[in-house]
file model36.cif (mmCIF, C-alpha atoms and all ligand atoms)
data_coords
loop_
_atom_site.label_atom_id
_atom_site.label_comp_id
_atom_site.auth_asym_id
_atom_site.auth_seq_id
_atom_site.Cartn_x
_atom_site.Cartn_y
_atom_site.Cartn_z
CA MET A 1 0.00 0.00 0.00
CA PRO A 2 1.44 3.41 -0.90
CA SER A 3 2.63 5.81 1.74
CA THR A 4 4.52 9.10 1.67
CA SER A 5 7.80 7.29 2.28
CA ASP A 6 7.03 4.23 0.17
CA ARG A 7 5.70 5.42 -3.17
CA PRO A 8 4.54 2.94 -5.79
CA ILE A 9 7.33 2.14 -8.26
CA GLY A 10 7.39 4.41 -11.28
CA THR A 11 5.48 7.29 -9.71
CA GLU A 12 8.37 9.19 -8.18
CA GLY A 13 7.81 12.86 -8.81
CA SER A 14 4.63 12.29 -10.79
CA GLY A 15 2.12 12.31 -7.91
CA ALA A 16 -0.69 9.84 -7.24
CA ILE A 17 -3.28 12.11 -8.88
CA HIS A 18 -2.57 14.60 -11.62
CA LEU A 19 -5.23 16.95 -13.00
CA ASP A 20 -4.15 18.99 -15.98
CA ASN A 21 -6.56 21.81 -16.92
CA VAL A 22 -9.57 19.62 -16.22
CA SER A 23 -13.09 20.87 -16.96
CA HIS A 24 -16.36 19.01 -17.07
CA ARG A 25 -19.66 19.96 -18.71
CA TYR A 26 -22.99 18.18 -18.52
CA GLY A 27 -25.70 18.33 -21.18
CA THR A 28 -25.69 19.78 -24.68
CA GLY A 29 -26.73 23.00 -26.42
CA ASP A 30 -28.77 25.39 -24.29
CA ASP A 31 -28.81 22.83 -21.47
CA THR A 32 -25.03 22.78 -21.08
CA VAL A 33 -23.80 23.17 -17.49
CA THR A 34 -20.10 23.62 -16.86
CA ALA A 35 -19.80 21.94 -13.46
CA VAL A 36 -16.10 22.35 -12.76
CA GLY A 37 -12.86 23.73 -14.08
CA PRO A 38 -10.42 24.45 -15.33
CA VAL A 39 -8.61 22.77 -12.44
CA SER A 40 -4.95 21.73 -12.32
CA LEU A 41 -3.77 19.81 -9.28
CA ASP A 42 -1.02 17.42 -8.22
CA VAL A 43 -1.69 15.14 -5.28
CA PRO A 44 1.38 13.30 -3.94
CA ALA A 45 1.02 9.71 -2.73
CA GLY A 46 -0.10 9.53 0.89
CA GLU A 47 -1.80 12.93 0.96
CA PHE A 48 -5.26 13.36 2.50
CA LEU A 49 -6.86 15.98 0.27
CA VAL A 50 -10.18 17.54 1.26
CA LEU A 51 -12.26 19.31 -1.40
CA VAL A 52 -14.54 21.82 0.26
CA GLY A 53 -17.01 24.27 -1.22
CA ALA A 54 -20.63 25.36 -1.40
CA SER A 55 -23.38 23.14 -2.75
CA GLY A 56 -23.26 22.69 -6.53
CA CYS A 57 -19.69 23.96 -7.01
CA GLY A 58 -18.59 20.70 -8.65
CA LYS A 59 -16.92 18.79 -5.79
CA SER A 60 -18.63 15.47 -6.55
CA THR A 61 -17.97 15.90 -10.26
CA LEU A 62 -14.26 16.31 -9.55
CA LEU A 63 -14.30 13.19 -7.36
CA ARG A 64 -16.11 11.20 -10.07
CA LEU A 65 -13.51 12.33 -12.61
CA ILE A 66 -10.72 11.10 -10.30
CA ALA A 67 -12.55 7.77 -9.81
CA GLY A 68 -12.87 7.42 -13.59
CA PHE A 69 -16.69 7.37 -13.41
CA GLU A 70 -16.79 10.41 -15.73
CA GLN A 71 -14.42 11.46 -18.50
CA PRO A 72 -13.34 15.12 -18.47
CA THR A 73 -14.75 17.27 -21.27
CA ASP A 74 -11.39 19.05 -21.42
CA GLY A 75 -7.99 18.33 -19.94
CA GLN A 76 -6.47 15.16 -18.55
CA VAL A 77 -6.92 13.15 -15.34
CA ASP A 78 -4.16 10.68 -14.40
CA VAL A 79 -3.92 8.32 -11.45
CA LEU A 80 -0.44 6.86 -11.01
CA GLY A 81 0.48 8.08 -14.47
CA LYS A 82 -2.52 6.81 -16.47
CA PRO A 83 -6.23 7.57 -16.84
CA PRO A 84 -8.22 6.12 -13.91
CA THR A 85 -10.10 2.83 -14.31
CA PRO A 86 -13.47 2.73 -12.49
CA GLY A 87 -13.45 0.13 -9.72
CA GLU A 88 -9.67 -0.34 -9.95
CA SER A 89 -8.04 3.00 -9.28
CA ALA A 90 -10.13 3.84 -6.23
CA GLY A 91 -12.26 2.49 -3.42
CA VAL A 92 -15.19 4.90 -3.09
CA VAL A 93 -17.52 5.71 -0.19
CA PHE A 94 -20.73 7.64 -0.99
CA GLN A 95 -23.14 9.62 1.17
CA GLN A 96 -25.41 6.56 1.40
CA PRO A 97 -23.72 3.25 2.31
CA ARG A 98 -25.20 1.40 -0.75
CA LEU A 99 -24.86 -2.04 0.85
CA PHE A 100 -26.49 -5.31 -0.25
CA PRO A 101 -29.38 -5.47 2.26
CA TRP A 102 -29.86 -9.22 1.85
CA ARG A 103 -26.27 -9.97 2.82
CA THR A 104 -24.69 -9.94 6.27
CA VAL A 105 -22.10 -7.36 7.34
CA GLY A 106 -19.33 -9.87 6.58
CA GLY A 107 -21.03 -10.89 3.33
CA ASN A 108 -20.89 -7.31 2.08
CA VAL A 109 -17.15 -7.15 2.70
CA ASP A 110 -16.67 -10.64 1.20
CA VAL A 111 -18.17 -9.50 -2.11
CA ALA A 112 -15.62 -6.67 -2.32
CA LEU A 113 -12.78 -9.07 -1.49
CA LYS A 114 -14.01 -11.52 -4.13
CA TYR A 115 -14.09 -8.79 -6.80
CA ALA A 116 -10.63 -7.70 -5.68
CA GLY A 117 -9.41 -11.20 -6.60
CA ILE A 118 -8.66 -12.36 -3.05
CA ALA A 119 -8.60 -16.18 -2.86
CA LYS A 120 -11.57 -17.67 -0.99
CA ALA A 121 -9.29 -19.26 1.63
CA ASP A 122 -7.84 -15.84 2.55
CA ARG A 123 -11.08 -13.89 2.59
CA GLY A 124 -12.23 -14.73 6.13
CA ALA A 125 -9.08 -13.40 7.79
CA ARG A 126 -8.99 -10.30 5.56
CA ARG A 127 -12.67 -9.59 6.23
CA ASP A 128 -12.17 -9.83 10.01
CA GLN A 129 -9.12 -7.56 9.78
CA LEU A 130 -11.08 -4.94 7.80
CA LEU A 131 -14.06 -5.08 10.18
CA GLU A 132 -11.71 -4.64 13.12
CA ARG A 133 -10.06 -1.67 11.44
CA VAL A 134 -13.41 0.13 11.19
CA GLY A 135 -14.51 -0.80 14.72
CA LEU A 136 -16.96 -3.56 13.75
CA GLU A 137 -15.21 -6.62 15.17
CA GLY A 138 -17.63 -9.42 16.01
CA THR A 139 -20.43 -8.14 13.73
CA ALA A 140 -19.73 -10.25 10.61
CA ASP A 141 -22.89 -12.34 11.01
CA ARG A 142 -25.27 -9.46 11.65
CA ARG A 143 -27.82 -8.38 9.08
CA ILE A 144 -27.58 -4.93 7.53
CA TRP A 145 -30.99 -3.91 8.94
CA GLU A 146 -29.82 -4.86 12.45
CA ILE A 147 -27.05 -2.25 12.55
CA SER A 148 -27.21 1.56 12.80
CA GLY A 149 -26.66 4.05 9.98
CA GLY A 150 -23.21 4.86 11.37
CA GLN A 151 -22.30 1.16 11.46
CA GLN A 152 -23.57 0.74 7.91
CA GLN A 153 -21.26 3.53 6.81
CA ARG A 154 -18.40 1.73 8.59
CA VAL A 155 -19.20 -1.37 6.51
CA ALA A 156 -19.07 0.82 3.38
CA ILE A 157 -15.63 2.07 4.47
CA ALA A 158 -14.38 -1.49 5.08
CA ARG A 159 -15.68 -2.46 1.65
CA ALA A 160 -13.94 0.49 -0.01
CA LEU A 161 -10.65 -0.48 1.66
CA ALA A 162 -10.96 -4.16 0.71
CA ALA A 163 -9.34 -4.02 -2.71
CA GLU A 164 -6.35 -1.94 -1.58
CA ASN A 165 -6.82 0.35 -4.59
CA PRO A 166 -4.28 3.18 -4.77
CA LEU A 167 -6.94 5.78 -3.92
CA PHE A 168 -9.55 6.09 -1.18
CA LEU A 169 -12.31 8.52 -2.24
CA LEU A 170 -15.13 9.68 0.00
CA ASP A 171 -18.07 11.83 -1.15
CA GLU A 172 -19.73 13.46 1.88
CA PRO A 173 -19.91 10.08 3.62
CA PHE A 174 -21.07 11.41 6.99
CA ALA A 175 -23.60 14.04 5.87
CA ALA A 176 -26.59 11.92 6.86
CA LEU A 177 -25.29 11.00 10.34
CA ASP A 178 -25.85 12.63 13.73
CA ALA A 179 -23.09 14.88 15.09
CA LEU A 180 -21.62 12.40 17.58
CA THR A 181 -21.52 9.47 15.14
CA ARG A 182 -20.04 11.81 12.56
CA GLU A 183 -17.21 12.80 14.92
CA ARG A 184 -16.46 9.16 15.74
CA LEU A 185 -16.31 8.23 12.07
CA GLN A 186 -14.12 11.23 11.27
CA GLU A 187 -11.71 9.97 13.94
CA ASP A 188 -11.76 6.48 12.44
CA VAL A 189 -11.13 7.75 8.91
CA ARG A 190 -8.27 9.90 10.15
CA GLY A 191 -6.83 6.83 11.91
CA VAL A 192 -7.28 4.60 8.87
CA SER A 193 -5.56 7.13 6.63
CA SER A 194 -2.62 7.43 9.04
CA ASP A 195 -2.36 3.62 9.38
CA THR A 196 -2.56 2.81 5.68
CA GLY A 197 -0.96 5.90 4.12
CA ARG A 198 -3.58 5.59 1.38
CA THR A 199 -3.89 8.62 -0.89
CA SER A 200 -7.33 9.99 -0.03
CA VAL A 201 -9.73 12.59 -1.41
CA PHE A 202 -12.68 13.60 0.76
CA VAL A 203 -15.54 15.86 -0.33
CA THR A 204 -17.43 17.97 2.22
CA HIS A 205 -19.33 21.23 2.78
CA SER A 206 -17.90 21.51 6.26
CA ALA A 207 -14.83 23.62 7.10
CA ASP A 208 -14.62 21.80 10.44
CA GLU A 209 -14.55 18.37 8.78
CA ALA A 210 -11.99 19.63 6.25
CA VAL A 211 -9.59 20.85 8.94
CA PHE A 212 -10.00 17.75 11.08
CA LEU A 213 -9.32 15.33 8.23
CA GLY A 214 -7.14 17.03 5.66
CA SER A 215 -3.39 17.15 5.29
CA ARG A 216 -4.29 19.54 2.47
CA ILE A 217 -7.47 21.52 1.82
CA VAL A 218 -8.63 22.81 -1.55
CA VAL A 219 -11.51 25.29 -1.46
CA LEU A 220 -13.51 25.45 -4.70
CA SER A 221 -15.21 28.60 -5.98
CA LYS A 222 -18.88 28.57 -6.97
CA ARG A 223 -19.77 26.74 -10.19
CA PRO A 224 -17.85 26.13 -12.35
CA GLY A 225 -15.62 25.14 -9.44
CA GLN A 226 -12.05 26.41 -9.64
CA ILE A 227 -9.36 26.40 -6.97
CA ALA A 228 -9.95 29.40 -4.70
CA LEU A 229 -7.56 28.31 -1.93
CA ASP A 230 -4.99 25.50 -1.70
CA LEU A 231 -3.75 25.03 1.84
CA GLU A 232 -1.28 22.60 3.43
CA VAL A 233 -2.50 21.65 6.91
CA ASP A 234 0.24 21.61 9.49
CA LEU A 235 -1.61 19.87 12.34
CA PRO A 236 -0.34 16.73 14.08
CA ARG A 237 -1.36 13.43 12.47
CA GLY A 238 -1.12 9.80 13.60
CA ARG A 239 -2.51 8.45 16.85
CA ILE A 240 -3.13 11.62 18.83
CA ASP A 241 -5.69 12.93 21.34
CA PHE A 242 -8.50 14.08 19.04
CA ASP A 243 -10.29 16.17 21.70
CA GLU A 244 -7.06 18.02 22.37
CA LEU A 245 -6.66 18.62 18.64
CA ARG A 246 -10.23 19.92 18.24
CA ASN A 247 -9.72 22.30 21.17
CA SER A 248 -6.33 23.59 20.06
CA ARG A 249 -5.80 27.19 18.98
CA ASP A 250 -4.16 26.17 15.67
CA TYR A 251 -7.10 23.95 14.80
CA ASN A 252 -9.67 26.63 15.53
CA SER A 253 -7.86 29.41 13.73
CA LEU A 254 -7.47 27.19 10.65
CA ARG A 255 -11.14 26.28 10.84
CA SER A 256 -12.14 29.92 10.80
CA GLU A 257 -9.73 30.66 7.91
CA VAL A 258 -11.25 27.83 5.84
CA SER A 259 -14.79 28.79 6.80
CA HIS A 260 -14.20 32.38 5.64
CA ALA A 261 -12.59 31.15 2.42
CA VAL A 262 -15.56 28.87 1.65
CA LYS A 263 -18.01 31.75 2.18
CA ALA A 264 -15.92 34.16 0.09
CA ALA A 265 -15.51 31.60 -2.69
CA ALA A 266 -19.26 31.02 -2.82
CA ALA A 267 -20.14 34.74 -2.98
N1 LIG A 301 -25.34 14.05 -14.14
C1 LIG A 301 -25.53 15.37 -14.21
N2 LIG A 301 -26.21 15.92 -15.23
C2 LIG A 301 -26.41 17.26 -15.32
N3 LIG A 301 -25.94 18.15 -14.42
C3 LIG A 301 -25.25 17.65 -13.38
C4 LIG A 301 -25.02 16.25 -13.21
N4 LIG A 301 -24.31 16.06 -12.08
C5 LIG A 301 -24.11 17.29 -11.55
N5 LIG A 301 -24.67 18.24 -12.33
C6 LIG A 301 -24.62 19.68 -12.11
O1 LIG A 301 -23.25 20.06 -12.02
C7 LIG A 301 -23.07 21.02 -10.98
C8 LIG A 301 -22.05 20.51 -9.98
O2 LIG A 301 -22.62 19.38 -9.33
P1 LIG A 301 -21.81 18.53 -8.24
O3 LIG A 301 -22.75 17.48 -7.73
O4 LIG A 301 -20.53 18.11 -8.81
O5 LIG A 301 -21.54 19.65 -7.13
P2 LIG A 301 -21.25 19.49 -5.58
O6 LIG A 301 -20.35 20.62 -5.22
O7 LIG A 301 -20.79 18.13 -5.28
O8 LIG A 301 -22.71 19.74 -4.97
P3 LIG A 301 -23.31 19.22 -3.56
O9 LIG A 301 -22.39 19.71 -2.50
O10 LIG A 301 -24.67 19.88 -3.50
O11 LIG A 301 -23.39 17.71 -3.65
C9 LIG A 301 -24.46 21.28 -10.39
O12 LIG A 301 -25.00 22.43 -11.01
C10 LIG A 301 -25.24 20.05 -10.76
O13 LIG A 301 -26.61 20.34 -10.89
#
call {"tool": "encode", "arguments": {"input": "model36.cif", "output": "structure tokens", "more": "lines below"}}
Ligand SMILES: Nc1ncnc2c1ncn2[C@@H]1O[C@H](COP(=O)(O)OP(=O)(O)OP(=O)(O)O)[C@@H](O)[C@H]1O
result
Amino acid sequence: MPSTSDRPIGTEGSGAIHLDNVSHRYGTGDDTVTAVGPVSLDVPAGEFLVLVGASGCGKSTLLRLIAGFEQPTDGQVDVLGKPPTPGESAGVVFQQPRLFPWRTVGGNVDVALKYAGIAKADRGARRDQLLERVGLEGTADRRIWEISGGQQQRVAIARALAAENPLFLLDEPFAALDALTRERLQEDVRGVSSDTGRTSVFVTHSADEAVFLGSRIVVLSKRPGQIALDLEVDLPRGRIDFDELRNSRDYNSLRSEVSHAVKAAAA
């Protein structure tokens, strides 16, 4: 798995994600909407990039372009030096967990492991490892309807991590959750990203979420989204006291800087 100190072979200096003058339009003729761009961005391996901006500024479009779900109308998207392949380049978590309701918690993760080409004999151990990583140890046999919305989103995270794709992409994954569950999951995602060193891109409206999670924050202007602010976050990472972090002066001053930038960019 890639990390800042252990980059995948052949990507030295080229970054995990490279966007070169990328724009994306939907529709044709009078119905054309330019959702995003032009955007140029280099994301080194191991970075946790947060895209933040007002509703409709093109954040999800940019994420879908990086996942390879959409092709850019103009410009070039590269992941590890080549155009992204949907389902291969990235594990993706959406706002809704999108689980198979007729399968168990473990069964949902098993499907992802199967599609990732993991041999049947190895799947049980890998599944248990992934469930433990997202705080769901001992729940493999439970039905999806027996667990909470927050736990369902944890299953979606485990599933997205199963294939060990180079990228981990999350599109407002906690928007539908209550504040406390949201904080817990933010802490878990921060921990997972520190543990795995996976290059991550996270989309949110929230300046607070951006500052808590990001090692880098990009604020997008209103549609068509362009980079209004590109900020390295110099807060401690790794296994730290999260309450202390949230209460620190640096954290709060950065949060207000990002919050002002998001409002200014949307005006
Ligand atoms: N499939 C589509 N067809 C047509 N227009 C689309 C499509 N997807 C998005 N758009 C439009 O593109 C613009 C950007 O949408 P996008 O979902 O990328 O923004 P966003 O910043 O993620 O918004 P939100 O925060 O509300 O989810 C919006 O005006 C949206 O209506």
call {"tool": "closest_atom_pairs", "arguments": {"input": "model36.cif", "of": "chain A", "to": "ligand LIG 301 (chain A)", "cutoff": "9 Å", "atoms": "only C-alpha atoms and all ligand atoms", "output": "Markdown table"}}
result
| residue | atom | partner | partner_atom | distance |
| --- | --- | --- | --- | --- |
| A:His24 | CA | A:LIG301 | O1 | 8.6 |
| A:Arg25 | CA | A:LIG301 | O1 | 7.6 |
| A:Tyr26 | CA | A:LIG301 | C2 | 4.8 |
| A:Gly27 | CA | A:LIG301 | C2 | 6.0 |
| A:Asp31 | CA | A:LIG301 | C2 | 8.6 |
| A:Thr32 | CA | A:LIG301 | C2 | 8.1 |
| A:Val33 | CA | A:LIG301 | N3 | 6.3 |
| A:Thr34 | CA | A:LIG301 | O1 | 6.8 |
| A:Ala35 | CA | A:LIG301 | O1 | 4.2 |
| A:Val36 | CA | A:LIG301 | C8 | 6.8 |
| A:Val52 | CA | A:LIG301 | O6 | 8.1 |
| A:Gly53 | CA | A:LIG301 | O6 | 6.4 |
| A:Ala54 | CA | A:LIG301 | O9 | 6.0 |
| A:Ser55 | CA | A:LIG301 | O9 | 3.6 |
| A:Gly56 | CA | A:LIG301 | O8 | 3.4 |
| A:Cys57 | CA | A:LIG301 | O6 | 3.8 |
| A:Gly58 | CA | A:LIG301 | O4 | 3.2 |
| A:Lys59 | CA | A:LIG301 | O6 | 3.9 |
| A:Ser60 | CA | A:LIG301 | O7 | 3.7 |
| A:Thr61 | CA | A:LIG301 | O4 | 3.7 |
| A:Leu62 | CA | A:LIG301 | O4 | 6.6 |
| A:Leu63 | CA | A:LIG301 | O4 | 8.1 |
| A:Arg64 | CA | A:LIG301 | O4 | 8.3 |
| A:Asp171 | CA | A:LIG301 | O7 | 8.0 |
| A:Glu172 | CA | A:LIG301 | O11 | 7.9 |
| A:Val203 | CA | A:LIG301 | O7 | 7.6 |
| A:Thr204 | CA | A:LIG301 | O9 | 7.1 |
| A:His205 | CA | A:LIG301 | O9 | 6.3 |
| A:Leu220 | CA | A:LIG301 | O6 | 8.4 |
| A:Lys222 | CA | A:LIG301 | O6 | 8.3 |
| A:Arg223 | CA | A:LIG301 | C8 | 6.6 |
| A:Pro224 | CA | A:LIG301 | C8 | 7.4 |
| A:Gly225 | CA | A:LIG301 | O6 | 7.8 |
call {"tool": "closest_residue", "arguments": {"input": "model36.cif", "among": "A:Phe212, A:Val219, A:Leu235, A:Arg126", "to": "Val39 of chain A", "atoms": "all atoms listed in the file"}}
result
A:Val219
call {"tool": "closest_residue", "arguments": {"input": "model36.cif", "among": "A:Gly138, A:Gly238, A:Gly106, A:Pro84", "to": "Ile17 of chain A", "atoms": "only C-alpha atoms"}}
result
A:Pro84
call {"tool": "residues_around", "arguments": {"input": "model36.cif", "residues": "Val189 of chain A", "least_positions_apart": "3", "cutoff": "12 Å", "atoms": "all atoms listed in the file", "output": "ChimeraX atom specification"}}
result
/A:48,93,133-135,153-154,156-158,160-161,168-170,173-174,182-186,192-198,200-202,209,212-214,237-239
call {"tool": "closest_residue", "arguments": {"input": "model36.cif", "among": "A:Val50, A:Val233, A:Ala125, A:Ile144", "to": "Asn108 of chain A", "atoms": "only C-alpha atoms"}}
result
A:Ile144
call {"tool": "atom_distance", "arguments": {"input": "model36.cif", "atom1": "atom CA of Ala140 of chain A", "atom2": "atom CA of Thr104 of chain A"}}
result
6.6 Å
call {"tool": "axis_aligned_box", "arguments": {"input": "model36.cif", "around": "segment 25-42 of chain A", "padding_each_side": "4 Å", "output": "JSON"}}
result
{"center_x": -14.9, "center_y": 21.4, "center_z": -17.3, "size_x": 35.8, "size_y": 16.0, "size_z": 26.2}
call {"tool": "atom_distance", "arguments": {"input": "model36.cif", "atom1": "atom CA of Ser221 of chain A", "atom2": "atom CA of Arg98 of chain A"}}
result
29.4 Å
call {"tool": "atom_distance", "arguments": {"input": "model36.cif", "atom1": "atom CA of Ser259 of chain A", "atom2": "atom CA of Asp208 of chain A"}}
result
7.9 Å
call {"tool": "closest_residue", "arguments": {"input": "model36.cif", "among": "A:Glu187, A:Asp42, A:Glu244, A:Asp128", "to": "Gly107 of chain A", "atoms": "all atoms listed in the file"}}
result
A:Asp128
call {"tool": "residues_near_point", "arguments": {"input": "model36.cif", "point": "(-3.6, 24.1, 7.9)", "cutoff": "9 Å", "atoms": "all atoms listed in the file", "output": "ChimeraX atom specification"}}
result
/A:211,214-217,231-235,250-251,253-255,257-258
